[in-house]
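Read the structure below first, then the notes.
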Amino acid sequence: FDFPSKLNSSFPTTAPPPQPGPPGRHLGHYPSLPPGYQNTPAPQNATSPPGGPGPAQLSPSLAAMSLQSSTPEALRVVNLLQERNLLPPGPIPAPIPCLPQDLQKINCNPEVFRCTLTSIPQTQSLLSKAKMPLGLLLHPFKDLSVTPLVTSSTIVRCRSCRTYINPFVSFLDQRRWKCNLCYRVNDVPEEFMYNPVSRSYGEPHKRPEVQNATIEFIAPSEYMLRPPQPAVYLFVLDVSHNAVETGYLNVFCQSLLDNINALPGDSRTKVGFISFDSTIHFYNLQEGLSQPQMLIVSDIEDIFLPTPDGLLVNLNECKELVQDLLKSLPTLFEKTMETQSALGPALQAAFKLLSPTGGRMSVFQTQLPNLGVGALQSREDPNQRASAKDIQHLSPATDFYKKLALDCSGQQVAVDLFLLSARYCDLASLGCISRYSAGSVYYYPSYHHQHNPAQVECFQKDLKRYLTRKIGFEAVMRIRCTKGLSIHTFHGNFFVRSTDLLSLPNVNPDAGFAVQMSIEENLDDMQVVSFQAALLYTSSKGERRIRVHTLCLPVVNSMSDIFAGADVQAITGLLACMAVDRSASASLSDARDAMTNAAIDSLTSYRQSVLTIQQPGLLAPACLRLFPLYILALLKQKAFRTGTSTRLDDRVFAMCQLKYQPLAYAMLMIHPALYRVDDLTDEGALNINERTIPQPRVLQLTVEKLSREGAFLMDAGMVMYLWIGRNCNPNFLTQVLGVPITTCCPHCSFLHYLLPELDTAESQRTRAFIGWLRDQRPFFPSLHVIRDESQLKPSFMQNMIEDRTESALSYYEFLLHLQQQISK
C-alpha cells in the first residue's frame, strides 16, 4: 500500500454551501433513522475458538480453522449514512488475531506490538486489492509491570536467521526445533534442556523463552563492542535575555535538585552542564574545588573544550558542587542583556564533550538561534497561516542539525530538545537534532513563569518524568519477519543503520515506532507468520540486555478474512505517519488527498470484493466503521488542517508527535474523548488501589452532545478541557470547583488549572476520573477549565470533529463526499 501519486479524487478544502435538507444538517445531523433502528455499537473483538494444541502441533490445527465462522461481528454491514452512534461507550480494544486459544493466550500484548491487519494476506496482489496498509506499530521499551528475565548464559537463536527462540517455534522432538521465520531446523543446546523455573530436566518447550512473547535476556560479553557505557547526562541551557525572561531556568534547576538522587544510574553516573548565549559557558565541577568554576569560550567559530577534565564529573563524587551550581545558575544570568543565541556552536561543544562516552544531551532553547553555525531566520508569515493553499517550510532550512545528529548517533549520543518559546523557533529545522539521534522533542509554546501557569505545571511534571524514567543507552533494534515478508519504511526517531537495523543511542519507555511492510513472496503454504523485534541496550546500571517481542498472526487467502482482521486504530496510526512524510516530501494537500483516498479505496474494495448483496448507502464492515471518522479527524488535526490559523511550529510539533507517540497516545490526539462529568456516579465504576474510578461513556465530538446545564471533560491527549455550561448546576461549581456561581466570572480565560481537593463526593469522583486518565500516559496533560467566553473556547471547539466549520466539512458531509467518490 502506498499513497497514490496521481490522486483519483480531491477532497474539497473548503466546505460547500449547506445543501437544503433536514434542519441542523450543517451541524452533522443525520436523516431520521428507520423505526426500530438500534443504536448499539458493536463489540470490536472477534471471539476465537476454544482449545487448540501447543505450538509444536501448530500447522494442522490452523489449516482446519475457518475464520469466517469465528468473526461474523467484524464483518457486520454498517450503513454509515444511517448509523448515528458509532462510538463504543469506552476504550476500543485491539482486535484479537484468529489463532488457536493457546497461541492467542501467549501472543504479544497489542500495547507493545500490533499489526494493521491481524490476518495477513497470502499474496501482495491480495493485499493491493484490499487497499489497506500493512504495517506494524511498536512500543518496544514500554514500562511493563512484569517482564520475565532470563539470566542463563545460553541465548538460543536460529543458526541461519538469528531469530530468538520464542513461543511460536515448533519442536520436532526434545532435541530439535524449527525456526518460525526461516524454517531452518536447529539443535536444542544441552543447557536449554534444564528449566530454571520448574527446576526440571527435559522439557525445553516449557522454558520461559518459549512461554512468553515478551522476554528480556541479560546479554553475555559477545553482545558488546565495548564495555557497557555509564549513564551520562549533559544539560545544555539557553541563558540569553529571552530565556531568563521566561523563568524556565528556575524551574529546571529546582526540578533537577529535587530529583538528582532519582536519576537512573549507578556509581559510574556522570553529569555536566553547558550554558550559552552569544558565547559558550562550561562549568568545571572537579572534585577538590571549593565552588563551581565557569569557563567562557567566546570563539564560537572554532569550538574547543577549555579543559580536558572536570566538565563531565562523577555525580556521586561531585554531588555538592553540582547542587551548588544548580542553586546559583538562575541568579548568575538574571541581569543579562545578551539577546543572541549560538545554539549550533553550543551543540558542537556538547558533542565534543560527550563523544568519548556517549550519553544523553538535554537541550533547552527559547528562541530562534541567530549566531554561528546553524543560525536560522524566520520563515513564517503570520498573515499566511490560514489562507495559504499549501503550507511552506515543513522541511528543514539547513542540514546542519541533521548532520550533527548523525554524528551524535555514531558516538551513541541522543539529543532531547525542550523548546520553550512564544515566538517562531523553526522546529522543522531544530527538530532534526532529536529525530535522527533517537531523542525526543518537548514543546511549550508561550511558556512564561507568570503569564502561563498551566505550561509551568506541565513543564515541571514532564521534567520530573524525563529525569527519572527508565533509560537504555547505546541501543539497536532489529525487526525480523517470516520469510516472504519484508520491511518497506520505518517511522519514528532513529537512524537506519541497515535495512532492518535502527540505531537508538538512547531508548526511552515513551517512544513509539511504526514500520510499513510488503509481501515479497507468496505465503501459500503457511498458516501463520511471525514478527520479532529485538532491542539490545545498556541499562542505566551498566547491564547489557536484550528485550524481545514476538507477534504471531494467521495467513488468509480471502478478502473477507482480510477485512475481518482490520485494526482500524493501527491503520489510522500508520496512515498518519505516512501522511507526515508525504507532507514534507510532496505537499500538505497531497497528503490530505491521499488520506481521503485511503478511506475511499478501502471502502470501494470492500464493496466490490466482499459484499455479496449490493445495497444503497455508504457501507463498511463493523470493524472499519470508525475509519472515515478517524480520517476526517486527521484532516482536522493540527498537523494537517487547512483554513484555520495554525502556527508553523505548532503544526510541525503535531507532526512530530504523530510519528513518535505510541499508538494509544496518538489516537487521543487524533480523536479526543469527550465525557459528561457533572453527573458522575459509581455505577459501572472501576476499583483500582482502593480508589473508585467512575466510567462515564464516551460522547460523539459534536456540539449537539453539549448542554448548557452540564460540564464536559475533553481528553485530547496532551491537554484536557473542562467545559462548564452557561447554566451549569451550581452544586457542581461549589462541590467540584470550589466557586459559587456568583464569583464565577464568565470572562476569565480559565478558573483553575488545578482542581481543588475538596472533601465532597463530587470532587473526589471528578479528581479520581481525571487522575486515572492522566495516570495512563507518560506525559502530563494540563487541564483548562473554560466557559463560553473563554479565549480557549476555539481550541475546544476545533476538536468537535463531527461539526462543520468554515473551512471543513461536517462528518455527514464527508460521508456524502466519500459515497459520491465510491459510486463514480
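We label chains A, B, ... in the order they appear in the C-alpha cells, count residues from 1 in each chain, and number ligands from 1 in the order shown.
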
Compile the contact shell of region 157-168 of chain A as a PyMOL selection string: residues with an atom at most 7 Å away, counting only C-alpha atoms, same-chain residues fewer than 6 positions apart removed. chain A and resi 55+179-180+182+184+186+209-213+550

May I ask which of the residues A:Leu225, A:Met595, A:Ala534, A:Leu504 is the closest one to Cys481 (chain A), counting only C-alpha atoms?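 Among the listed residues, the smallest separation from Cys481 (chain A) belongs to A:Ala534.
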
Counting only C-alpha atoms, which residues of region 467-560 of chain A fall within 10 Å of region 359-371 of chain A, and what is the closest atom pair for each with its distance in Å at one decimal, ordered by chain and rising number, as JSON lines?
```
{"residue": "A:Leu467", "atom": "CA", "partner": "A:Ser362", "partner_atom": "CA", "distance": 9.9}
{"residue": "A:Ile471", "atom": "CA", "partner": "A:Arg360", "partner_atom": "CA", "distance": 9.6}
{"residue": "A:Gly472", "atom": "CA", "partner": "A:Gly359", "partner_atom": "CA", "distance": 9.8}
{"residue": "A:Phe473", "atom": "CA", "partner": "A:Gly359", "partner_atom": "CA", "distance": 6.9}
{"residue": "A:Glu474", "atom": "CA", "partner": "A:Gly359", "partner_atom": "CA", "distance": 8.0}
{"residue": "A:Pro505", "atom": "CA", "partner": "A:Gly359", "partner_atom": "CA", "distance": 7.5}
{"residue": "A:Asn506", "atom": "CA", "partner": "A:Arg360", "partner_atom": "CA", "distance": 7.0}
```

Ser221 (chain A) surroundings by only C-alpha atoms, 10 Å radius, close-in-sequence under 4 positions cut, as a tab-separated table (two decimals) with C-alpha atoms, in the first residue's frame:
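As written to disk, result.tsv reads:
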```tsv
chain	number	residue	atom	x	y	z
A	153	SER	CA	24.42	-17.60	29.61
A	225	LEU	CA	31.51	-3.95	21.12
A	226	ARG	CA	32.95	-2.16	24.17
A	227	PRO	CA	32.37	-2.30	27.93
A	228	PRO	CA	28.82	-1.04	28.71
A	544	ARG	CA	23.76	-5.22	28.53
```

Calculate how many Å separate CA of Ser782 (chain A) from CA of Met718 (chain A), rounding to one decimal.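 CA of Ser782 (chain A) sits 7.1 Å away from CA of Met718 (chain A).
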
From the list A:Tyr447, A:Val703, A:Leu618, A:Leu658, the nearest residue to Gln82 (chain A) using only C-alpha atoms is A:Leu618

All helix (DSSP H, G or I) positions in region 575-741 of chain A, as a PyMOL selection string: chain A and resi 575-585+588-609+622-624+627-636+648-660+663-670+703-705+730-737+741
